[in-house]
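Enquirer: Pasting a structure below so you can have a look.
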Amino acid sequence: MLPSNRNRQQPRAGRSWSFSEMDFSDPKRKPRFLSKLVMLAFLTAMCILMLTHPQYHSSCPSVFAVHEPGVTHVLVTGGAGYIGSHAALRLLTDSYRVTIVDNLSRGNIGAIKVLQKLFPQPGRLQFIYADLGDAKSVNRIFSENAFDAVMHFAAVAYVGESTLEPLRYYHNITANTLVVLEAMASHGVRTLIYSSTCATYGEPEKMPITEETPQVPINPYGKAKKMAEEIILDFSKSTDLAVMILRYFNVIGSDPEGRLGEAPRPELREHGRISGACFDAALGIIPGLKVKGTDYETPDGTCIRDYIDVTDLVDAHVKALDKAQRGKVGIYNVGTGKGKSVKEFVDACKKATGADIKIDYFPRRPGDYAEVYSDPAKINRDLNWTAQRTDLLESLRVAWRWQKLHRSGYGPPLAATI
């Protein structure tokens, strides 16, 4: 069952009975038996209805279904994931009403539980388990909720995996974005903050990357995101949709207060972020860190990336939501404007964890590129946003504190032994 923010009326318990009590040889008991059988069928049907429509069985309308003056209701797709959960935390902290939709294929129910515990008040947060690929379910969610805006994070997001499963990426990213847009159009939701990526640029000929840099993605992940962007832009031309597209770079860090962190599924660690791999190596979960590619045309031969702290990233999303205007489109790079090599990153991770991490070197990862870092001048100017947490070592230390206490992800916190 999906969580709900309303009290539910429970049926009163009647006298218990069992099939062993029934004597079919007594004709006087047949009507009684039939009535109990009808009641059993009715209760079964009600259980099925509650499971398939878990949050909507009250005679009073949900506060989530009503537009309330002074309250902005944001749908956060993928809100159980790493970035989405941090965005939901920030929105809730800033007094937004939040509905999270996630199928938990990549997200964590533990993150949802943390948010529910932090914001238990009625009308603040609801979680709906659903797959954005199911258009019927998505349409029902929009019809039964009064959304003012959508922050669309939900997506598979590993470059390496996208080269192995390209169709999955086109379906999950591009096709599912179309489903969300159709639901927004049908139900009059006019504000979209879209989570895109610097992977849409591919491997530009010159740095830094501006919003005018040609988009020539070189892997299915970047291509799928670019296609989704194009669909959004085409749709916006015939509507008064307020659109903000944020192309961000390599995300690191976690909530400074230690409430949320990054916890990918074990089977996905191979494709995950370098920070996760560093922490796994420091914790002894894996024997060492695999650095893929040492022959790039960079000063030390390893890839150069622009690492953006997740707290700064969600701040950019909230400012984009605040500045979004009907009939206008904003496209912004979200990064620090400075690149760090993988070797520099590994050295910082060793300092942050205090662990002597074993490094193994391997050939390049398919679909990767040598150097990527942003020019954040446009977002600085238009949204008054500037990355505040630009100390790579400090961001890793903050994330490491959470990782030490959550070796099993969002399981019970553990005492640190390192």
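Letters for chains follow the order of the structure tokens (A, B, ...), residue numbers begin at 1 for each chain, and ligand numbers begin at 1 in the order shown.
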Please extract the residues of region 161-408 of chain A with a backbone DSSP assignment of alpha helix (DSSP H) and present them as a PyMOL selection string.

Expert: chain A and resi 161-164+166-169+176-187+220-236+274-283+310-323+342-353+377-383+392-405

Enquirer: Using backbone DSSP assignments, extract all strand (DSSP E or B) residues from region 298-405 of chain A; output them as a VMD selection string.

Expert: chain A and resid 304 to 305 307 to 309 329 to 334 340 to 341 359 to 362 371 374

Enquirer: So, counting only C-alpha atoms, which residue among A:Asp240, A:Glu262, A:Asp148, A:Glu161 is closest to Lys328 (chain A)?

Expert: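 Looking at the shortest contact to Lys328 (chain A), the residue is A:Asp240.
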
Enquirer: Residues at most 10 Å from Tyr296 (chain A), counting only C-alpha atoms, excluding those fewer than 3 positions away in the same chain, as an mmCIF file with C-alpha atoms, in the first residue's frame?

Expert:
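Saved file result16.cif follows:
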```cif
data_model
loop_
_atom_site.group_PDB
_atom_site.id
_atom_site.type_symbol
_atom_site.label_atom_id
_atom_site.label_comp_id
_atom_site.auth_asym_id
_atom_site.auth_seq_id
_atom_site.Cartn_x
_atom_site.Cartn_y
_atom_site.Cartn_z
ATOM 1 C CA GLY A 293 41.413 5.540 -18.681
ATOM 2 C CA PRO A 299 47.790 16.881 -17.763
ATOM 3 C CA ASP A 300 47.837 13.602 -15.802
ATOM 4 C CA GLY A 301 46.151 11.377 -18.386
ATOM 5 C CA THR A 302 42.892 10.924 -16.444
ATOM 6 C CA CYS A 303 39.480 12.458 -17.180
ATOM 7 C CA ILE A 304 38.716 15.984 -16.016
ATOM 8 C CA ARG A 364 38.803 3.707 -21.044
ATOM 9 C CA TYR A 369 35.135 11.776 -22.851
ATOM 10 C CA ALA A 370 38.377 13.445 -21.785
ATOM 11 C CA GLU A 371 37.473 16.849 -20.361
#
```

Enquirer: Figure out the distance between CA of Val310 (chain A) and CA of Phe64 (chain A), please, to one decimal in Å.

Expert: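 Separation between CA of Phe64 (chain A) and CA of Val310 (chain A): 27.5 Å.
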
Enquirer: Work out how far CA of Ser137 (chain A) is from CA of Asn176 (chain A), in Å to one decimal.

Expert: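 Between CA of Asn176 (chain A) and CA of Ser137 (chain A) the gap is 12.2 Å.
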
Enquirer: Need the shell around Glu144 (chain A): protein/DNA/RNA residues with any atom at most 7 Å away, counting only C-alpha atoms. Skip same-chain ones fewer than 3 positions apart. Format as a list in words?

Expert: Ala65, Arg140 and Ile141 of chain A

Enquirer: Please write the residues from the selection above to a file, keeping N, CA, C and O atoms, as a CSV table (one decimal), in the first residue's frame.

Expert:
```
chain,number,residue,atom,x,y,z
A,65,ALA,N,-5.2,17.3,-3.4
A,65,ALA,CA,-6.1,17.4,-4.6
A,65,ALA,C,-6.6,18.7,-4.8
A,65,ALA,O,-7.4,19.0,-5.7
A,140,ARG,N,-3.8,9.1,-13.9
A,140,ARG,CA,-4.6,9.0,-12.7
A,140,ARG,C,-4.0,9.9,-11.6
A,140,ARG,O,-4.7,10.6,-10.9
A,141,ILE,N,-2.7,9.8,-11.5
A,141,ILE,CA,-2.0,10.6,-10.4
A,141,ILE,C,-2.2,12.1,-10.6
A,141,ILE,O,-2.5,12.8,-9.7
```

Enquirer: Can you tell me which residues surround region 198-214 of chain A at a distance of at most 10 Å, considering only C-alpha atoms, apart from same-chain residues fewer than 2 positions away, and format the answer as a PyMOL selection string?

Expert: chain A and resi 159+196+216-227+229+246-250+306+331-335+337-339+367-379

Enquirer: Which residue is closest to Asp255 (chain A)? Choose from A:Ser105, A:Asn145, A:Gln403, A:Gln121 and count only C-alpha atoms.

Expert: A:Gln403

Enquirer: When you draw a straight line from CA of Ala352 (chain A) to CA of Ile308 (chain A), how long is it in Å?

Expert: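 Computing it gives 16.8 Å between the two atoms.
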
Enquirer: Got a sec: who's within 12 Å of Pro69 (chain A), counting only C-alpha atoms, leaving out chain neighbours fewer than 3 positions off, as a VMD selection string?

Expert: chain A and resid 63 66 72 to 73 96 to 97 146 148

Enquirer: Create the file for the chosen residues now, containing C-alpha atoms and written as a tab-separated table (two decimals), in the first residue's frame.

Expert:
```tsv
chain	number	residue	atom	x	y	z
A	63	VAL	CA	-5.39	18.43	0.62
A	66	VAL	CA	-6.82	21.04	-3.93
A	72	THR	CA	3.01	25.46	-4.15
A	73	HIS	CA	2.50	21.75	-4.75
A	96	TYR	CA	6.51	23.52	-0.42
A	97	ARG	CA	3.94	20.74	-0.60
A	146	ALA	CA	-3.48	19.48	-7.84
A	148	ASP	CA	1.50	23.47	-9.54
```

Enquirer: Nearest to Glu182 (chain A) among A:Phe142, A:Tyr170, A:Phe362, A:Tyr82, with distances taken over only C-alpha atoms: which residue is it?

Expert: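 Closest residue, counting only C-alpha atoms: A:Phe142.
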
Enquirer: Would you list the contacts of Gly411 (chain A) as number ranges by chain, taking every protein, DNA or RNA residue within 12 Å and counting only C-alpha atoms, but skipping same-chain residues closer than 2 positions in sequence?

Expert: A: 108-111, 113-114, 260-261, 263, 402-403, 405-409, 413-414
